[in-house]
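Q: Following this message is one structure expressed as structure tokens.
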Amino acid sequence: MTESTTRRPLVSGNWKMHMNHFEALKLVQELSYQVTRDDVDAVDISVHPPFTDIRTVQTALESDRIPFFLGAQHCHFETSGAFTGEVAPSMLAKLGVVYVIAGHSERRELFGESDEMVNAKVKAIIANGMTPILCVGETLEEREAGDAESKVSGQLKACLAKVKSTEVGSIVIAYEPIWAIGTGKTASVEDAQAMCAFVRQTVAEMFGADAANEVRIQYGGSVKPVNAAELLTQPDIDGALVGGAALEAESFARIVQYRLHDA
Ligand code: PGA
């Protein structure tokens with residue numbers, strides 16, 4: 001839909017439930033050796049370790065001056081209270097977390113997160129000065145039935161309800177077709193671009209052209225070094241949310257370096 005040179009790409013590593021804090025430290029250090037100053041000048045990089053690793057990774061990033069943004073995979077939407085096992089957004093903000101994934105399809109499917117909960121979470125993340133990475137995407141059945149756009153626009157409408165137009169431009173939306181996550185199947189470049197353009201168009205209809213032009217839209221779902229360049233150079237794809245390929249420093253660094261490879 002729109003092409004903008006002002007949107008900085010964001011490549012995010014979602015480590016899911018992998019890596020204890022020793023392994024996390026090793027991975028972030030290895031990654032810092034592979035990523036160059038030029039990479040960091042061109043691309044924002046975030047790492048999203050499990051909660052138990054966040055303090056360790058924060059300390060490593062600060063003490064070694066590693067220019068990656070600290071991320072989290074989830075948080076609760078309440079400020080505090082009797083929510084056994086949950087983590088408040090303010091606790092993450094205090095640890096220097098910048099990006100928080102909200103509404104990942106695994107959280108929606110396996111842990112019963114509804115659009116309403118994701119919406120509350122998006123607002124709580126913003127209220128705590130952090131940036132949500134809001135995940136949306138369709139199942140294979142929905143795609144085959146021709147319902148991919150209605151699923152995604154419905155998720156956007158529900159998950160961004162009552163978020164201010166002025167805030168939407170600075171959030172991140174990750175379009176992740178569920179059938180492409182962890183399966184090795186990637187959406188075709190044409191389909192990924194078309195859906196990211198559709199996300200931008202929906203944001204324009206809901207929040208206006210400025211928000212749509214500014215909002216960063218990631219593609220996620222089996223992004224690998226071999227397909228990163230063609231996906232990430234599409235006009236409406238502003239980065240990637242990477243799962244499996246983020247667990248190995250060399251492959252994640254090669255995705256971050258997509259602009260050095262042939263599309
Ligand atoms: P994947 O995961 O890269 O392993 O497909 C992506 C995600 O779940 O965000």
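We label chains A, B, ... in the order they appear in the structure tokens, count residues from 1 in each chain, and number ligands from 1 in the order shown.
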If you take only C-alpha atoms and all ligand atoms and a cut-off of 6 Å, which residues of chain A touch ligand 1, and what are their nearest atom pairs and distances in Å to one decimal, in chain and number order, as a Markdown table?

A:
| residue | atom | partner | partner_atom_place_in_ligand_line | distance |
| --- | --- | --- | --- | --- |
| A:Asn14 | CA | ligand 1 | 9 (O) | 5.9 |
| A:Ala180 | CA | ligand 1 | 5 (O) | 5.9 |
| A:Ile181 | CA | ligand 1 | 5 (O) | 3.4 |
| A:Gly182 | CA | ligand 1 | 5 (O) | 3.6 |
| A:Gly220 | CA | ligand 1 | 6 (C) | 5.1 |
| A:Gly221 | CA | ligand 1 | 5 (O) | 3.7 |
| A:Ser222 | CA | ligand 1 | 5 (O) | 3.5 |
| A:Val223 | CA | ligand 1 | 3 (O) | 5.2 |
| A:Leu241 | CA | ligand 1 | 9 (O) | 5.0 |
| A:Val242 | CA | ligand 1 | 3 (O) | 4.1 |
| A:Gly243 | CA | ligand 1 | 2 (O) | 3.4 |
| A:Gly244 | CA | ligand 1 | 4 (O) | 3.8 |

Q: Pick out the residues sitting within 12 Å of Val199 of chain A, and hand them over as an MDAnalysis selection string; count only C-alpha atoms, and ignore anything fewer than 5 positions along from it in its own chain.

A: chainID A and resid 1:2 134:137 148:157 172:176 192:194 204:207 211:213 215:219 236:237

Q: In terms of the shortest atom-to-atom distance over only C-alpha atoms, which of A:Leu260, A:Cys159, A:Met195, A:Ala24 is closest to Arg143 of chain A?

A: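 Of A:Leu260, A:Cys159, A:Met195, A:Ala24, the one nearest Arg143 of chain A is A:Met195, counting only C-alpha atoms.
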
Q: Considering only C-alpha atoms, can you say which of A:Thr52, A:Ser12, A:Ser80, A:Ser63 comes closest to Ala240 of chain A?

A: A:Ser12

Q: Find the residues around Ala120 of chain A up to 9 Å (only C-alpha atoms counted), leave out those fewer than 2 positions away in its own chain, and share them as JSON, numbers by chain.

A: {"A": [76, 77, 78, 115, 116, 117, 118, 122, 123, 124, 125, 159]}

Q: For Lys94 of chain A, which residue out of A:Ala158, A:Asn128, A:His21, A:Phe198 is the nearest one, using only C-alpha atoms?

A: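 Smallest separation from Lys94 of chain A among the options: A:Asn128.
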